[in-house]
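Asks: Structure below; questions to follow.
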Amino acid sequence: PGSDMDTLCIAPPHVAREAFFTAFLKKLENHPHVSDCVPIPGAYTPIIKLKLRGVSIDLLFARLVRPLEPGSDLEAVKDDEILKDMDDKSVRCINGYRVADQILSLVPNQEAFRETLRFVKCWARRRGIYSNVLGFFGGITWALLVARVCQLYPNYCFSQLVNRFFRIYDQWNWSKPVLLCEVVESVPGITGFKVWNPKTNHADKQHLMPVITPAFPAMNCTYNVTETTKRILLDEFRRGYEVVKKVEQAKATWQEVHEPFPFFNNGPFMHYLCLEVLAKSPEIHVKFCGWVESKL
């Protein structure tokens with residue numbers, strides 16, 4: 001509940017991105033079961049946000065440089081060769097699928113990974129730290145963090161993995177990145193892509209809590225983290241670890257681990273800032289809200 005569905009639209013070379021955000025968008029807006037359709041073409045990863053029969057969907061678009069061979073399936077998209085001469089926006093969009101696929105292939109026990117990730121995502125949402133836009137961690141980051149714990153403890157059950165998750169990231173030296181595999185610096189025949197490398201890129205060196213995607217080209221998915229959000233995240237990791245230890249001592253329950261953060265009720269804040277978004281029509285309001293959220 002509350003989660004959205006990430007969906008990738010892979011188009012042949014003759015379909016331009018402009019058509020995705022114009023002609024295809026118009027078809028979506030006219031569909032009887034689609035609502036709250038918000039295009040964000042100027043985002044770092046361009047996207048159309050919508051609801052289909054009440055289900056929130058994030059729709060991304062990637063344009064192939066060369067058409068897939070007849071009869072080929074999505075296995076071809078997993079090959080690094082598919083990125084050759086592809087535009088940066090399409091690379092970022094298609095890599096969401098490629099990263100998700102690689103995560104599953106790199107964890108020793110997919111069921112334990114999924115169960116632990118569900119718990120961690122629930123905890124992060126209820127503690128108010130599930131938002132890439134607001135400088136915290138997004139879904140892919142939480143998946144990478146859980147996957148690394150699963151790699152380190154391949155034979156642990158769900159409760160043990162949750163304990164190690166909080167313990168590891170409470171004590172993690174964040175001057176070092178979280179990696180599922182070695183970073184591939186280059187692929188023969190594929191050039192022009194920026195690969196995360198703090199040794200050669202000054203901007204990469206400034207990242208506060210680097211969590212690196214496994215698919216080429218490797219990227220840091222926590223570039224929005226600030227000193228303030230880092231402190232909040234570390235406080236939540238520490239709190240989570242302390243409560244989990246109490247659970248194992250039968251002094252607390254699992255519900256207490258993901259107890260909602262008391263943002264308004266007896267919380268630590270004295271002052272609040274409220275943004276009021278106004279528009280002339282519901283349709284414009286939805287789009288304007290999307291634009292405001294993208295700028296936060």
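The way I read the labels, and the way they are meant: chains A, B, ... in the order of the structure tokens, residue 1 as the first residue of every chain, and ligand 1 as the first ligand shown, with later ones counted on from there.
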So which residues touch region 200-216 of chain A within 10 Å, counting only C-alpha atoms, skipping near sequence neighbours fewer than 5 positions away, as an MDAnalysis selection string?

Replies: chainID A and resid 78:80 83 91 95:103 106 137 140:142 144:145 172:187 193:195 221:227 229:230 233

Asks: Using DSSP on the backbone coordinates, identify all residues within region 39-213 of chain A classified as strand (DSSP E or B); present the result as a PyMOL selection string.

Replies: chain A and resi 39-40+47-52+55-63+130+137+178+187+190+211-212

Asks: List the neighbours of Val149 (chain A) out to 9 Å using only C-alpha atoms; skip same-chain residues closer than 5 positions along the sequence, and give me the result as a VMD selection string.

Replies: chain A and resid 113 144 154 161 to 162 164 to 165 168

Asks: Given only C-alpha atoms as the basis, pick out the residue of A:Val38, A:Ile94, A:Val243, A:Ile284 nearest to Cys9 (chain A).

Replies: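 Using only C-alpha atoms, the shortest distance to Cys9 (chain A) belongs to A:Ile94.
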
Asks: Taking the DSSP secondary structure from the backbone, can you list the residues of region 17-182 of chain A that are helix (DSSP H, G or I), as JSON, numbers by chain?

Replies: {"A": [17, 18, 19, 20, 23, 24, 25, 26, 27, 28, 29, 30, 74, 75, 76, 77, 78, 80, 81, 82, 83, 88, 89, 90, 91, 92, 93, 94, 95, 96, 97, 98, 99, 100, 101, 102, 103, 104, 105, 106, 110, 111, 112, 113, 114, 115, 116, 117, 118, 119, 120, 121, 122, 123, 124, 125, 126, 139, 140, 141, 142, 143, 144, 145, 146, 147, 148, 149, 150, 151, 152, 158, 159, 160, 161, 162, 163, 164, 165, 166, 167, 168, 169, 170, 171]}

Asks: Find the distance between CA of Lys121 (chain A) and CA of Asp6 (chain A) and write it in Å to one decimal.

Replies: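 Going from CA of Lys121 (chain A) over to CA of Asp6 (chain A), I get 15.4 Å.
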
Asks: Pick from A:Glu293, A:Glu256, A:Glu75, A:Asp170: nearest to Ala43 (chain A), with only C-alpha atoms counted?

Replies: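 With only C-alpha atoms as the atom set, the closest residue is A:Glu293.
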
Asks: Excluding Glu81 (chain A) and residues on its chain fewer than 5 positions from it, collect all residues at most 9 Å away from it, counting only C-alpha atoms, and give them as a list in words.

Replies: Ala76, Val187, Gly189 and Ile190 of chain A

Asks: Can you tell me which residues surround region 64-67 of chain A at a distance of at most 10 Å, considering only C-alpha atoms, apart from same-chain residues fewer than 2 positions away, and format the answer as a ChimeraX atom specification?

Replies: /A:10-16,61-62,69-70,77,82-87,90-91,94

Asks: Once you have the residues from the selection above, write them out as an mmCIF file, in the first residue's frame, restricted to N, CA, C and O atoms.

Replies:
```
data_model
loop_
_atom_site.group_PDB
_atom_site.id
_atom_site.type_symbol
_atom_site.label_atom_id
_atom_site.label_comp_id
_atom_site.auth_asym_id
_atom_site.auth_seq_id
_atom_site.Cartn_x
_atom_site.Cartn_y
_atom_site.Cartn_z
ATOM 1 N N ILE A 10 9.902 0.763 -23.742
ATOM 2 C CA ILE A 10 11.058 0.666 -24.635
ATOM 3 C C ILE A 10 10.577 0.833 -26.069
ATOM 4 O O ILE A 10 9.756 0.045 -26.554
ATOM 5 N N ALA A 11 11.067 1.879 -26.735
ATOM 6 C CA ALA A 11 10.577 2.213 -28.077
ATOM 7 C C ALA A 11 11.642 1.933 -29.138
ATOM 8 O O ALA A 11 12.842 2.033 -28.871
ATOM 9 N N PRO A 12 11.223 1.610 -30.352
ATOM 10 C CA PRO A 12 12.163 1.423 -31.459
ATOM 11 C C PRO A 12 12.764 2.763 -31.879
ATOM 12 O O PRO A 12 12.277 3.827 -31.471
ATOM 13 N N PRO A 13 13.801 2.758 -32.711
ATOM 14 C CA PRO A 13 14.510 3.992 -33.065
ATOM 15 C C PRO A 13 13.647 5.075 -33.708
ATOM 16 O O PRO A 13 13.935 6.260 -33.555
ATOM 17 N N HIS A 14 12.576 4.700 -34.417
ATOM 18 C CA HIS A 14 11.798 5.700 -35.143
ATOM 19 C C HIS A 14 10.794 6.437 -34.255
ATOM 20 O O HIS A 14 10.128 7.369 -34.712
ATOM 21 N N VAL A 15 10.674 6.051 -32.978
ATOM 22 C CA VAL A 15 9.762 6.734 -32.049
ATOM 23 C C VAL A 15 10.568 7.686 -31.170
ATOM 24 O O VAL A 15 11.422 7.254 -30.396
ATOM 25 N N ALA A 16 10.306 8.968 -31.274
ATOM 26 C CA ALA A 16 11.065 9.978 -30.535
ATOM 27 C C ALA A 16 10.475 10.203 -29.145
ATOM 28 O O ALA A 16 9.288 9.932 -28.903
ATOM 29 N N PHE A 61 10.609 6.228 -20.294
ATOM 30 C CA PHE A 61 10.734 5.989 -21.737
ATOM 31 C C PHE A 61 12.207 5.853 -22.126
ATOM 32 O O PHE A 61 13.047 6.680 -21.755
ATOM 33 N N ALA A 62 12.518 4.801 -22.864
ATOM 34 C CA ALA A 62 13.867 4.606 -23.399
ATOM 35 C C ALA A 62 13.762 4.318 -24.891
ATOM 36 O O ALA A 62 12.966 3.473 -25.310
ATOM 37 N N GLU A 69 16.488 -7.640 -32.530
ATOM 38 C CA GLU A 69 16.354 -8.698 -33.528
ATOM 39 C C GLU A 69 14.975 -9.349 -33.414
ATOM 40 O O GLU A 69 14.436 -9.477 -32.311
ATOM 41 N N PRO A 70 14.392 -9.737 -34.543
ATOM 42 C CA PRO A 70 13.080 -10.399 -34.498
ATOM 43 C C PRO A 70 13.116 -11.627 -33.593
ATOM 44 O O PRO A 70 14.033 -12.451 -33.678
ATOM 45 N N VAL A 77 18.040 -6.511 -23.555
ATOM 46 C CA VAL A 77 18.152 -5.223 -22.872
ATOM 47 C C VAL A 77 19.177 -5.289 -21.745
ATOM 48 O O VAL A 77 19.761 -4.278 -21.356
ATOM 49 N N ILE A 82 23.464 -2.743 -25.564
ATOM 50 C CA ILE A 82 22.236 -2.018 -25.889
ATOM 51 C C ILE A 82 22.400 -0.523 -25.652
ATOM 52 O O ILE A 82 21.691 0.314 -26.227
ATOM 53 N N LEU A 83 23.375 -0.134 -24.805
ATOM 54 C CA LEU A 83 23.581 1.274 -24.451
ATOM 55 C C LEU A 83 24.408 2.037 -25.481
ATOM 56 O O LEU A 83 24.478 3.268 -25.413
ATOM 57 N N LYS A 84 25.005 1.342 -26.413
ATOM 58 C CA LYS A 84 25.899 1.985 -27.378
ATOM 59 C C LYS A 84 25.166 3.069 -28.173
ATOM 60 O O LYS A 84 24.131 2.821 -28.793
ATOM 61 N N ASP A 85 25.680 4.300 -28.099
ATOM 62 C CA ASP A 85 25.144 5.479 -28.803
ATOM 63 C C ASP A 85 23.766 5.924 -28.297
ATOM 64 O O ASP A 85 23.130 6.783 -28.905
ATOM 65 N N MET A 86 23.298 5.377 -27.191
ATOM 66 C CA MET A 86 21.994 5.759 -26.646
ATOM 67 C C MET A 86 22.115 7.093 -25.919
ATOM 68 O O MET A 86 23.146 7.403 -25.316
ATOM 69 N N ASP A 87 21.057 7.921 -25.966
ATOM 70 C CA ASP A 87 21.099 9.215 -25.284
ATOM 71 C C ASP A 87 21.055 9.022 -23.770
ATOM 72 O O ASP A 87 20.559 8.012 -23.266
ATOM 73 N N SER A 90 17.688 8.188 -21.975
ATOM 74 C CA SER A 90 17.249 6.806 -22.196
ATOM 75 C C SER A 90 18.082 5.830 -21.373
ATOM 76 O O SER A 90 17.560 4.845 -20.844
ATOM 77 N N VAL A 91 19.379 6.120 -21.244
ATOM 78 C CA VAL A 91 20.257 5.262 -20.443
ATOM 79 C C VAL A 91 19.790 5.255 -18.994
ATOM 80 O O VAL A 91 19.699 4.201 -18.353
ATOM 81 N N ILE A 94 16.424 3.213 -18.828
ATOM 82 C CA ILE A 94 16.542 1.773 -19.053
ATOM 83 C C ILE A 94 17.376 1.105 -17.961
ATOM 84 O O ILE A 94 17.218 -0.074 -17.662
#
```

Asks: From the set A:Gly135, A:Arg167, A:Trp123, A:Pro108, which residue has the shortest atom-to-atom contact distance to Ala147 (chain A), counting only C-alpha atoms?

Replies: A:Pro108

Asks: Measuring atom to atom with only C-alpha atoms, identify which of A:Phe288, A:Tyr169, A:Tyr272, A:Phe20 is nearest to Phe237 (chain A).

Replies: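 The answer is A:Tyr169, which sits nearest to Phe237 (chain A).
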
Asks: Gly290 (chain A): which residues within 12 Å, counting only C-alpha atoms, same-chain residues fewer than 6 positions away excluded, as a list of chain:residue names?

Replies: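 After dropping sequence-adjacent residues, the list is A:Asp36, A:Cys37, A:Val38, A:Pro39, A:Ile40, A:Pro41, A:Gly42, A:Ala43, A:Ile47, A:Ile48, A:Lys49, A:Leu50, A:Val133, A:Val277, A:Glu283, A:Ile284, A:Leu296.
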
Asks: Could you please determine the separation between CA of Leu275 (chain A) and CA of Cys289 (chain A) in Å, to one decimal place?

Replies: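 Taking CA of Leu275 (chain A) as the start and CA of Cys289 (chain A) as the end point, the length is 10.3 Å.
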
Asks: Select, from A:Leu134, A:Leu117, A:Leu104, A:Ala143, the residue with the minimum atom-to-atom distance to Ser294 (chain A), counting only C-alpha atoms.

Replies: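 Ranking A:Leu134, A:Leu117, A:Leu104, A:Ala143 by distance to Ser294 (chain A), first place goes to A:Leu134.
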